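Next up, query-v3.cif (mmCIF, C-alpha atoms):
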```
data_start
#
loop_
_atom_site.group_PDB
_atom_site.id
_atom_site.type_symbol
_atom_site.label_atom_id
_atom_site.label_comp_id
_atom_site.auth_asym_id
_atom_site.auth_seq_id
_atom_site.Cartn_x
_atom_site.Cartn_y
_atom_site.Cartn_z
ATOM 1 C CA MET A 1 156.669 118.050 72.134
ATOM 2 C CA LYS A 2 156.236 116.287 75.473
ATOM 3 C CA LYS A 3 155.971 118.346 78.658
ATOM 4 C CA LEU A 4 158.714 117.816 81.254
ATOM 5 C CA LEU A 5 157.676 115.688 84.231
ATOM 6 C CA THR A 6 159.546 116.483 87.453
ATOM 7 C CA ILE A 7 159.531 113.941 90.276
ATOM 8 C CA LEU A 8 161.027 115.257 93.509
ATOM 9 C CA GLY A 9 161.091 114.251 97.150
ATOM 10 C CA PRO A 10 163.305 113.921 100.199
ATOM 11 C CA THR A 11 165.992 111.288 100.564
ATOM 12 C CA ALA A 12 164.635 107.745 101.106
ATOM 13 C CA SER A 13 161.217 108.596 99.634
ATOM 14 C CA GLY A 14 161.625 106.227 96.659
ATOM 15 C CA LYS A 15 161.464 108.941 93.991
ATOM 16 C CA THR A 16 164.064 107.326 91.690
ATOM 17 C CA ASP A 17 162.273 103.981 91.713
ATOM 18 C CA LEU A 18 159.001 105.759 90.898
ATOM 19 C CA ALA A 19 160.614 107.806 88.103
ATOM 20 C CA ALA A 20 162.074 104.644 86.537
ATOM 21 C CA HIS A 21 158.705 102.856 86.617
ATOM 22 C CA VAL A 22 156.981 105.880 85.059
ATOM 23 C CA ALA A 23 159.727 106.061 82.403
ATOM 24 C CA TYR A 24 159.137 102.369 81.670
ATOM 25 C CA GLU A 25 155.426 102.984 81.056
ATOM 26 C CA LEU A 26 155.958 106.130 78.960
ATOM 27 C CA GLY A 27 159.163 105.179 77.138
ATOM 28 C CA GLY A 28 160.838 108.091 78.915
ATOM 29 C CA GLU A 29 164.376 109.080 79.911
ATOM 30 C CA ILE A 30 165.487 110.421 83.281
ATOM 31 C CA ILE A 31 167.617 113.500 83.923
ATOM 32 C CA SER A 32 169.114 113.435 87.413
ATOM 33 C CA GLY A 33 168.484 116.433 89.661
ATOM 34 C CA ASP A 34 171.061 115.439 92.275
ATOM 35 C CA SER A 35 174.124 117.550 93.029
ATOM 36 C CA ARG A 36 176.371 114.621 94.012
ATOM 37 C CA GLN A 37 175.412 111.826 91.629
ATOM 38 C CA VAL A 38 177.370 113.606 88.885
ATOM 39 C CA TYR A 39 180.597 112.179 90.382
ATOM 40 C CA ARG A 40 182.112 108.929 89.125
ATOM 41 C CA GLY A 41 183.022 106.409 91.810
ATOM 42 C CA MET A 42 180.808 108.066 94.420
ATOM 43 C CA ASP A 43 178.095 105.453 94.118
ATOM 44 C CA ILE A 44 176.999 104.057 97.471
ATOM 45 C CA GLY A 45 177.349 107.319 99.402
ATOM 46 C CA THR A 46 175.305 109.329 96.906
ATOM 47 C CA GLY A 47 172.649 106.621 96.666
ATOM 48 C CA LYS A 48 172.777 106.215 92.892
ATOM 49 C CA ASP A 49 170.912 102.912 93.240
ATOM 50 C CA LEU A 50 171.563 102.202 89.550
ATOM 51 C CA ALA A 51 169.633 98.927 89.852
ATOM 52 C CA ASP A 52 166.482 101.091 90.136
ATOM 53 C CA TYR A 53 166.977 102.104 86.494
ATOM 54 C CA VAL A 54 166.306 98.536 85.340
ATOM 55 C CA VAL A 55 162.557 97.836 85.267
ATOM 56 C CA ASN A 56 161.236 94.426 84.148
ATOM 57 C CA GLY A 57 164.585 93.719 82.523
ATOM 58 C CA ARG A 58 164.663 96.985 80.539
ATOM 59 C CA GLN A 59 167.409 99.570 81.119
ATOM 60 C CA ILE A 60 165.891 103.026 81.569
ATOM 61 C CA PRO A 61 168.181 105.666 80.003
ATOM 62 C CA TYR A 62 169.491 108.279 82.448
ATOM 63 C CA HIS A 63 171.510 111.492 82.156
ATOM 64 C CA LEU A 64 173.816 113.615 84.388
ATOM 65 C CA ILE A 65 175.046 110.696 86.483
ATOM 66 C CA ASP A 66 178.799 109.832 86.436
ATOM 67 C CA ILE A 67 179.800 112.820 84.314
ATOM 68 C CA CYS A 68 182.825 114.113 86.279
ATOM 69 C CA ASP A 69 185.577 112.869 88.600
ATOM 70 C CA ALA A 70 185.417 112.799 92.391
ATOM 71 C CA GLY A 71 187.324 115.778 93.795
ATOM 72 C CA MET A 72 185.973 118.215 91.180
ATOM 73 C CA LYS A 73 183.811 121.152 92.255
ATOM 74 C CA TYR A 74 180.750 120.803 90.030
ATOM 75 C CA ASN A 75 178.391 123.763 90.339
ATOM 76 C CA LEU A 76 174.950 125.119 89.527
ATOM 77 C CA PHE A 77 176.112 126.970 86.401
ATOM 78 C CA GLN A 78 177.541 123.726 84.955
ATOM 79 C CA TYR A 79 174.405 121.823 85.943
ATOM 80 C CA GLN A 80 172.166 124.220 84.025
ATOM 81 C CA GLU A 81 174.323 123.844 80.909
ATOM 82 C CA ASP A 82 174.428 120.047 81.169
ATOM 83 C CA PHE A 83 170.699 119.835 81.911
ATOM 84 C CA LEU A 84 169.813 121.915 78.867
ATOM 85 C CA LYS A 85 171.951 119.738 76.556
ATOM 86 C CA ALA A 86 170.315 116.553 77.856
ATOM 87 C CA TYR A 87 166.810 118.036 77.825
ATOM 88 C CA GLU A 88 167.105 119.385 74.259
ATOM 89 C CA ASP A 89 168.507 116.042 73.067
ATOM 90 C CA ILE A 90 165.536 114.145 74.589
ATOM 91 C CA GLU A 91 163.110 116.735 73.219
ATOM 92 C CA ARG A 92 164.536 116.437 69.673
ATOM 93 C CA ARG A 93 163.846 112.705 69.773
ATOM 94 C CA ASP A 94 160.270 113.322 71.005
ATOM 95 C CA VAL A 95 160.840 111.161 74.092
ATOM 96 C CA GLN A 96 159.209 111.842 77.488
ATOM 97 C CA PRO A 97 161.732 113.766 79.661
ATOM 98 C CA ILE A 98 161.624 113.116 83.428
ATOM 99 C CA LEU A 99 163.649 115.257 85.833
ATOM 100 C CA CYS A 100 164.142 113.372 89.097
ATOM 101 C CA GLY A 101 166.048 114.318 92.230
ATOM 102 C CA GLY A 102 166.210 115.789 95.664
ATOM 103 C CA THR A 103 168.475 118.827 95.180
ATOM 104 C CA GLY A 104 165.830 121.553 95.261
ATOM 105 C CA LEU A 105 168.245 124.271 94.171
ATOM 106 C CA TYR A 106 169.250 122.377 91.010
ATOM 107 C CA ILE A 107 165.646 121.537 90.153
ATOM 108 C CA GLU A 108 164.370 125.067 90.736
ATOM 109 C CA SER A 109 167.276 126.589 88.792
ATOM 110 C CA VAL A 110 166.119 124.887 85.592
ATOM 111 C CA LEU A 111 162.368 125.134 86.157
ATOM 112 C CA LYS A 112 162.556 128.878 86.891
ATOM 113 C CA GLY A 113 165.418 129.619 84.505
ATOM 114 C CA TYR A 114 167.912 131.192 86.930
ATOM 115 C CA HIS A 115 170.310 133.512 85.108
ATOM 116 C CA LEU A 116 173.824 132.725 86.320
ATOM 117 C CA SER A 117 177.412 133.352 85.294
ATOM 118 C CA PRO A 118 180.484 131.271 86.202
ATOM 119 C CA VAL A 119 182.312 132.567 89.296
ATOM 120 C CA PRO A 120 186.123 132.202 89.281
ATOM 121 C CA GLN A 121 188.132 131.260 92.371
ATOM 122 C CA ASN A 122 189.374 134.186 94.475
ATOM 123 C CA GLN A 123 192.525 132.882 96.182
ATOM 124 C CA ALA A 124 193.140 136.053 98.210
ATOM 125 C CA LEU A 125 189.596 135.852 99.624
ATOM 126 C CA ARG A 126 189.990 132.130 100.343
ATOM 127 C CA ASP A 127 193.280 132.773 102.182
ATOM 128 C CA SER A 128 191.631 135.481 104.299
ATOM 129 C CA LEU A 129 188.842 133.075 105.328
ATOM 130 C CA THR A 130 191.082 130.119 106.177
ATOM 131 C CA GLY A 131 190.909 129.227 109.858
ATOM 132 C CA LYS A 132 187.494 130.763 110.483
ATOM 133 C CA SER A 133 184.857 128.539 112.096
ATOM 134 C CA LEU A 134 181.729 127.380 110.256
ATOM 135 C CA GLU A 135 179.663 129.698 112.480
ATOM 136 C CA GLU A 136 181.842 132.706 111.532
ATOM 137 C CA LEU A 137 181.674 131.806 107.832
ATOM 138 C CA THR A 138 177.888 131.370 107.976
ATOM 139 C CA SER A 139 177.566 134.811 109.575
ATOM 140 C CA ILE A 140 179.704 136.389 106.808
ATOM 141 C CA LEU A 141 177.616 134.594 104.179
ATOM 142 C CA GLN A 142 174.318 135.778 105.650
ATOM 143 C CA SER A 143 175.603 139.355 105.726
ATOM 144 C CA LEU A 144 176.618 139.149 102.035
ATOM 145 C CA LYS A 145 173.242 137.673 101.082
ATOM 146 C CA GLU A 146 171.487 140.646 102.649
ATOM 147 C CA LYS A 147 173.558 142.951 100.408
ATOM 148 C CA THR A 148 173.089 140.938 97.194
ATOM 149 C CA GLY A 149 169.467 139.981 97.855
ATOM 150 C CA SER A 150 170.452 136.437 96.882
ATOM 151 C CA ASN A 151 168.053 133.571 97.401
ATOM 152 C CA MET A 152 169.622 131.123 94.995
ATOM 153 C CA HIS A 153 171.867 129.334 97.460
ATOM 154 C CA ASN A 154 170.426 127.453 100.386
ATOM 155 C CA THR A 155 172.524 128.380 103.448
ATOM 156 C CA THR A 156 171.236 125.324 105.268
ATOM 157 C CA ASP A 157 173.118 123.171 102.758
ATOM 158 C CA VAL A 158 176.419 124.637 103.958
ATOM 159 C CA ASP A 159 177.695 121.806 106.126
ATOM 160 C CA SER A 160 181.457 122.283 105.804
ATOM 161 C CA CYS A 161 183.847 125.238 105.867
ATOM 162 C CA GLN A 162 184.892 124.612 102.257
ATOM 163 C CA ARG A 163 181.334 124.859 100.990
ATOM 164 C CA ALA A 164 180.738 127.996 103.059
ATOM 165 C CA ILE A 165 183.893 129.611 101.634
ATOM 166 C CA ARG A 166 182.760 128.805 98.080
ATOM 167 C CA ALA A 167 179.336 130.325 98.802
ATOM 168 C CA ILE A 168 181.032 133.489 100.185
ATOM 169 C CA GLU A 169 183.208 133.601 97.045
ATOM 170 C CA ILE A 170 180.077 133.495 94.847
ATOM 171 C CA GLU A 171 178.239 136.187 96.823
ATOM 172 C CA THR A 172 181.330 138.433 96.910
ATOM 173 C CA TYR A 173 181.729 138.085 93.140
ATOM 174 C CA ASN A 174 178.051 138.887 92.551
ATOM 175 C CA LEU A 175 178.367 141.976 94.762
ATOM 176 C CA GLU A 176 181.436 143.236 92.877
ATOM 177 C CA HIS A 177 180.280 142.138 89.382
ATOM 178 C CA PRO A 178 176.543 142.377 88.694
ATOM 179 C CA THR A 179 175.690 138.949 87.286
ATOM 180 C CA GLU A 180 175.799 138.948 83.515
ATOM 181 C CA ASN A 181 172.479 137.499 82.492
ATOM 182 C CA ARG A 182 172.589 134.691 79.997
ATOM 183 C CA SER A 183 169.706 133.127 78.199
ATOM 184 C CA PHE A 184 168.283 130.159 80.057
ATOM 185 C CA PRO A 185 164.647 129.360 79.357
ATOM 186 C CA ALA A 186 162.285 128.668 82.250
ATOM 187 C CA ILE A 187 160.964 125.191 81.482
ATOM 188 C CA ASP A 188 157.305 124.439 81.994
ATOM 189 C CA SER A 189 156.883 121.240 83.984
ATOM 190 C CA VAL A 190 154.320 119.135 85.778
ATOM 191 C CA ILE A 191 155.769 118.530 89.259
ATOM 192 C CA VAL A 192 154.988 115.436 91.329
ATOM 193 C CA GLY A 193 156.294 115.302 94.899
ATOM 194 C CA VAL A 194 156.763 112.042 96.785
ATOM 195 C CA SER A 195 155.604 112.654 100.341
ATOM 196 C CA ILE A 196 156.650 110.344 103.149
ATOM 197 C CA ASP A 197 155.503 110.463 106.757
ATOM 198 C CA ARG A 198 158.256 111.720 109.102
ATOM 199 C CA GLU A 199 158.476 108.522 111.179
ATOM 200 C CA ALA A 200 158.485 106.283 108.084
ATOM 201 C CA ARG A 201 161.165 108.502 106.542
ATOM 202 C CA ARG A 202 163.330 108.297 109.676
ATOM 203 C CA ALA A 203 163.028 104.490 109.769
ATOM 204 C CA LYS A 204 163.899 104.208 106.057
ATOM 205 C CA ILE A 205 166.913 106.546 106.431
ATOM 206 C CA THR A 206 168.341 104.537 109.342
ATOM 207 C CA ASP A 207 167.747 101.213 107.581
ATOM 208 C CA ARG A 208 169.285 102.487 104.348
ATOM 209 C CA LEU A 209 172.339 103.874 106.138
ATOM 210 C CA LYS A 210 172.983 100.494 107.788
ATOM 211 C CA LYS A 211 172.655 98.738 104.425
ATOM 212 C CA ARG A 212 175.016 101.170 102.694
ATOM 213 C CA LEU A 213 177.636 100.681 105.377
ATOM 214 C CA ASP A 214 177.199 96.893 105.153
ATOM 215 C CA ASN A 215 177.488 97.081 101.355
ATOM 216 C CA GLY A 216 180.899 98.740 101.319
ATOM 217 C CA MET A 217 180.456 102.499 101.686
ATOM 218 C CA VAL A 218 183.540 102.763 103.928
ATOM 219 C CA ASN A 219 185.644 100.865 101.367
ATOM 220 C CA GLU A 220 184.279 103.050 98.551
ATOM 221 C CA ILE A 221 185.391 106.198 100.372
ATOM 222 C CA ARG A 222 188.712 104.651 101.398
ATOM 223 C CA GLY A 223 189.307 103.785 97.719
ATOM 224 C CA ILE A 224 188.597 107.367 96.601
ATOM 225 C CA LEU A 225 191.062 108.681 99.199
ATOM 226 C CA ASN A 226 193.661 106.090 98.095
ATOM 227 C CA SER A 227 193.238 107.280 94.500
ATOM 228 C CA GLY A 228 194.699 110.646 95.531
ATOM 229 C CA VAL A 229 191.622 112.728 96.376
ATOM 230 C CA LYS A 230 192.414 114.796 99.491
ATOM 231 C CA PRO A 231 190.265 114.234 102.610
ATOM 232 C CA GLU A 232 189.197 117.901 102.656
ATOM 233 C CA ASP A 233 188.016 117.608 99.037
ATOM 234 C CA LEU A 234 185.842 114.610 99.932
ATOM 235 C CA ILE A 235 184.560 116.278 103.125
ATOM 236 C CA TYR A 236 183.420 119.153 100.848
ATOM 237 C CA TYR A 237 180.607 116.940 99.514
ATOM 238 C CA GLY A 238 179.039 116.678 102.968
ATOM 239 C CA LEU A 239 176.886 113.989 104.602
ATOM 240 C CA GLU A 240 178.258 110.453 103.960
ATOM 241 C CA TYR A 241 181.489 111.780 102.452
ATOM 242 C CA LYS A 242 182.111 114.129 105.367
ATOM 243 C CA TYR A 243 181.472 111.731 108.244
ATOM 244 C CA VAL A 244 182.843 108.513 106.727
ATOM 245 C CA THR A 245 186.009 110.346 105.618
ATOM 246 C CA GLU A 246 186.441 111.618 109.182
ATOM 247 C CA TYR A 247 186.086 108.010 110.383
ATOM 248 C CA VAL A 248 188.589 106.696 107.796
ATOM 249 C CA ILE A 249 191.232 109.312 108.731
ATOM 250 C CA GLY A 250 190.741 108.552 112.442
ATOM 251 C CA LYS A 251 188.905 111.710 113.473
ATOM 252 C CA LEU A 252 185.742 109.849 114.556
ATOM 253 C CA SER A 253 185.072 106.383 115.954
ATOM 254 C CA TYR A 254 182.693 104.122 114.004
ATOM 255 C CA GLU A 255 179.919 104.701 116.558
ATOM 256 C CA GLU A 256 180.411 108.502 116.484
ATOM 257 C CA MET A 257 180.425 108.454 112.680
ATOM 258 C CA PHE A 258 177.189 106.442 112.509
ATOM 259 C CA ARG A 259 175.375 108.539 115.102
ATOM 260 C CA GLN A 260 176.432 111.917 113.694
ATOM 261 C CA LEU A 261 175.782 110.867 110.090
ATOM 262 C CA GLU A 262 172.336 109.486 110.911
ATOM 263 C CA ILE A 263 171.381 112.801 112.572
ATOM 264 C CA ALA A 264 172.815 114.781 109.640
ATOM 265 C CA ILE A 265 170.796 112.798 107.063
ATOM 266 C CA HIS A 266 167.583 113.276 109.073
ATOM 267 C CA GLN A 267 168.297 117.022 109.195
ATOM 268 C CA PHE A 268 169.090 117.038 105.470
ATOM 269 C CA ALA A 269 165.745 115.371 104.608
ATOM 270 C CA LYS A 270 163.961 117.974 106.709
ATOM 271 C CA ARG A 271 165.781 120.769 104.846
ATOM 272 C CA GLN A 272 164.823 119.205 101.497
ATOM 273 C CA MET A 273 161.154 119.347 102.481
ATOM 274 C CA THR A 274 161.606 122.956 103.643
ATOM 275 C CA TRP A 275 163.013 123.809 100.188
ATOM 276 C CA PHE A 276 160.127 122.084 98.378
ATOM 277 C CA ARG A 277 157.571 123.937 100.535
ATOM 278 C CA GLY A 278 159.460 127.118 99.663
ATOM 279 C CA MET A 279 159.105 126.294 95.966
ATOM 280 C CA GLU A 280 155.333 126.131 96.508
ATOM 281 C CA ARG A 281 155.398 129.536 98.209
ATOM 282 C CA ARG A 282 157.369 130.862 95.229
ATOM 283 C CA GLY A 283 154.599 129.747 92.860
ATOM 284 C CA ALA A 284 155.347 126.112 91.955
ATOM 285 C CA THR A 285 152.426 123.666 91.941
ATOM 286 C CA ILE A 286 153.567 120.355 93.404
ATOM 287 C CA HIS A 287 151.150 117.420 93.247
ATOM 288 C CA TRP A 288 151.989 115.328 96.320
ATOM 289 C CA ILE A 289 151.528 111.573 96.326
ATOM 290 C CA ASP A 290 152.020 109.114 99.191
ATOM 291 C CA ALA A 291 155.354 107.268 99.101
ATOM 292 C CA LEU A 292 153.861 104.276 100.916
ATOM 293 C CA GLN A 293 151.225 103.508 98.245
ATOM 294 C CA PRO A 294 151.860 100.406 96.089
ATOM 295 C CA MET A 295 154.117 101.195 93.102
ATOM 296 C CA GLU A 296 151.372 100.464 90.553
ATOM 297 C CA GLU A 297 149.085 103.063 92.177
ATOM 298 C CA LYS A 298 151.856 105.671 92.363
ATOM 299 C CA VAL A 299 152.707 105.168 88.678
ATOM 300 C CA GLU A 300 149.036 105.435 87.625
ATOM 301 C CA GLU A 301 148.537 108.574 89.719
ATOM 302 C CA THR A 302 151.701 110.207 88.372
ATOM 303 C CA ILE A 303 150.750 109.539 84.745
ATOM 304 C CA ARG A 304 147.217 110.792 85.392
ATOM 305 C CA ILE A 305 148.603 114.039 86.864
ATOM 306 C CA LEU A 306 150.957 114.452 83.861
ATOM 307 C CA LYS A 307 148.192 113.875 81.293
ATOM 308 C CA ASN A 308 145.706 116.185 83.018
#
```

Here is a file; write its structure as structure tokens.
Amino acid sequence: MKKLLTILGPTASGKTDLAAHVAYELGGEIISGDSRQVYRGMDIGTGKDLADYVVNGRQIPYHLIDICDAGMKYNLFQYQEDFLKAYEDIERRDVQPILCGGTGLYIESVLKGYHLSPVPQNQALRDSLTGKSLEELTSILQSLKEKTGSNMHNTTDVDSCQRAIRAIEIETYNLEHPTENRSFPAIDSVIVGVSIDREARRAKITDRLKKRLDNGMVNEIRGILNSGVKPEDLIYYGLEYKYVTEYVIGKLSYEEMFRQLEIAIHQFAKRQMTWFRGMERRGATIHWIDALQPMEEKVEETIRILKN
């Protein structure tokens, strides 16, 4: 049985490219740890970079990408179930499993074996929250968290009213119905973090955003809206889908969209690093390697860390 290798890092750190190169060397398969890459058709905005999964002409197998339709509300409970299926399948075949992503909550939920139960929609609660500002919703959420003692949902990831309302719905349910524990094994893993200097990260984020916009991100989002997905459902996914949708529906100018989105992605990367540092405080050992090293050196160092 091969031990799980987890490769994590902030956006624009090159973690997927590294994971694919390591998988190439070890004959491994990658399980995505990204909360938005599960959606079909949401390719450029979520940074799937599927070309990264082809190394020296070989397709690296990947899991939990393109598994549900845009507009759906995929959640942590579903992710745990889907992760476990993929992980057990890889394990049965005695192949090296590699978990790779930047959604700290998803990664930690499987490494620490969070016990969750599915939370149904509460329409009456949703109706009562409609019209409240994001600040008001955040305040309600923080108050509920104090009562439930919850630390499983990162409030800093709440960047739209819809997401805040869903988080309130979850906390309210957990307060009224003590979570029914279900068996989910904590999975032992070697964790490698890809660390990138703040200025280099900022430059890469800005450059990547320009490239994504040049490569058709606006048309991708316009196409999803034209397929019948409501603007508010796309805004729910945050970041690119929030700001570009607001540009497409005429709420923001192109310049406003670019400026606000660039700031939001920088803030998001900072929050990712805050989550990873929090994982270390909560007992995880993360072996940090420099994103700016040559790929060959990063691959060698990662494999050395895994084997030791």

Inset, instruction - In the coordinate frame of the file, compute which residues have an atom within 8 Å of (188.1, 112.6, 98.3) when using only C-alpha atoms, and state them as a list in words. - result: Ala70, Gly71, Ile221, Ile224, Leu225, Gly228, Val229, Lys230, Pro231, Glu232, Asp233, Leu234, Ile235, Tyr241 and Thr245 of chain A

Written as a PyMOL selection string, what is the full residue list that the PyMOL selection byres ((chain A and resi 97-111) around 6) yields on the file shown?
-> chain A and resi 4-10+28-34+96+112-114+186-187

Which centre and which edge lengths, in Å to one decimal, describe the axis-aligned box that holds all listed atoms of segment 216-224 of chain A after 3 Å is added on each side, as JSON?
```
{"center_x": 184.9, "center_y": 103.1, "center_z": 100.3, "size_x": 14.9, "size_y": 14.6, "size_z": 13.3}
```

Skipping near chain neighbours, those fewer than 3 positions away, what residues fall within 10 Å of segment 213-215 of chain A using all atoms listed in the file, listed as a ChimeraX atom specification?
-> /A:44-45,208-210,218-220,240,244,258

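Distances from A:Ile165, A:Ser35, A:Leu18, A:Asp66 to Ser128 of chain A were compared using all atoms listed in the file, and the smallest one belongs to A:Ile165.
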
Atom CA of Ala291 of chain A sits from atom CA of Ile67 of chain A at a separation of 29.1 Å

What separates atom CA of Gln80 of chain A and atom CA of Glu301 of chain A is a distance of 28.9 Å

| message | Please enumerate the residues selected by the PyMOL selection byres ((chain A and resi 122) around 10) when evaluated against the supplied file, formatted as JSON, numbers by chain. | response | {"A": [119, 120, 121, 123, 124, 125, 126, 127, 166, 169, 170, 172, 173]}

* Where does the PyMOL selection byres ((chain A and resi 55) around 7) land in this file, that is, which residues does it pick, as number ranges by chain? -> A: 20-21, 24, 53-54, 56-59

Separating atom CA of Gly47 of chain A from atom CA of Gly238 of chain A, to the nearest tenth of an Å, is a gap of 13.5 Å

Closest of A:Arg198, A:Arg36, A:Lys48, A:Lys204 to Leu239 of chain A, counting all atoms listed in the file, is A:Arg36

Find the residues near Arg92 of chain A: any atom within 9 Å, counting all atoms listed in the file, skip ones fewer than 4 places away on the same chain, and give them as a list of chain:residue names. A:Met1, A:Tyr87, A:Glu88

May I have the selected residues written with C-alpha atoms, as a JSON list (two decimals), in the frame of the given file?
```json
[["chain", "number", "residue", "atom", "x", "y", "z"],
["A", 1, "MET", "CA", 156.67, 118.05, 72.13],
["A", 87, "TYR", "CA", 166.81, 118.04, 77.82],
["A", 88, "GLU", "CA", 167.10, 119.38, 74.26]]
```

Restricting to all atoms listed in the file, whichever of A:Ala203, A:Arg277, A:Asp290, A:Val192 is closest to Arg304 of chain A is A:Val192

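Nearest residue to Gln162 of chain A, choosing from A:Leu134, A:Leu116, A:Val248, A:Met295 and counting all atoms listed in the file: A:Leu134.
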
From the coordinates I just gave you, please extract segment 104-154 of chain A so that only C-alpha atoms remain, then output it as a CSV table (one decimal), in the first residue's frame.
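Saved to selection.csv:
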```
chain,number,residue,atom,x,y,z
A,104,GLY,CA,-7.5,23.9,2.3
A,105,LEU,CA,-10.9,22.9,3.8
A,106,TYR,CA,-11.3,20.1,1.3
A,107,ILE,CA,-7.8,18.8,1.8
A,108,GLU,CA,-8.0,19.0,5.6
A,109,SER,CA,-11.4,17.3,5.6
A,110,VAL,CA,-10.0,14.1,4.2
A,111,LEU,CA,-6.6,14.2,5.9
A,112,LYS,CA,-8.2,14.7,9.3
A,113,GLY,CA,-11.4,12.6,8.6
A,114,TYR,CA,-14.0,15.3,9.4
A,115,HIS,CA,-17.3,13.6,10.4
A,116,LEU,CA,-20.1,15.4,8.4
A,117,SER,CA,-23.7,14.8,7.5
A,118,PRO,CA,-25.6,16.3,4.5
A,119,VAL,CA,-27.5,19.5,5.4
A,120,PRO,CA,-30.8,20.0,3.6
A,121,GLN,CA,-32.0,23.4,2.3
A,122,ASN,CA,-34.0,25.4,4.7
A,123,GLN,CA,-36.2,27.6,2.5
A,124,ALA,CA,-37.9,29.5,5.4
A,125,LEU,CA,-34.4,30.5,6.8
A,126,ARG,CA,-33.2,31.5,3.3
A,127,ASP,CA,-36.3,33.7,2.8
A,128,SER,CA,-35.7,35.4,6.2
A,129,LEU,CA,-32.1,36.2,5.2
A,130,THR,CA,-32.8,37.5,1.7
A,131,GLY,CA,-32.0,41.2,1.4
A,132,LYS,CA,-29.4,41.2,4.1
A,133,SER,CA,-25.9,42.6,3.3
A,134,LEU,CA,-22.8,40.5,3.2
A,135,GLU,CA,-21.6,42.2,6.4
A,136,GLU,CA,-24.9,41.4,8.2
A,137,LEU,CA,-24.8,37.8,7.0
A,138,THR,CA,-21.1,37.4,8.1
A,139,SER,CA,-22.0,38.7,11.6
A,140,ILE,CA,-24.9,36.2,11.9
A,141,LEU,CA,-22.5,33.4,10.7
A,142,GLN,CA,-19.8,34.3,13.3
A,143,SER,CA,-22.4,34.4,16.1
A,144,LEU,CA,-23.6,30.9,15.1
A,145,LYS,CA,-20.1,29.6,14.9
A,146,GLU,CA,-19.5,30.7,18.5
A,147,LYS,CA,-22.5,28.6,19.5
A,148,THR,CA,-21.6,25.5,17.5
A,149,GLY,CA,-17.8,25.7,18.1
A,150,SER,CA,-17.4,25.1,14.4
A,151,ASN,CA,-14.1,25.5,12.7
A,152,MET,CA,-14.8,23.5,9.6
A,153,HIS,CA,-15.9,26.3,7.4
A,154,ASN,CA,-13.5,29.2,6.5
```
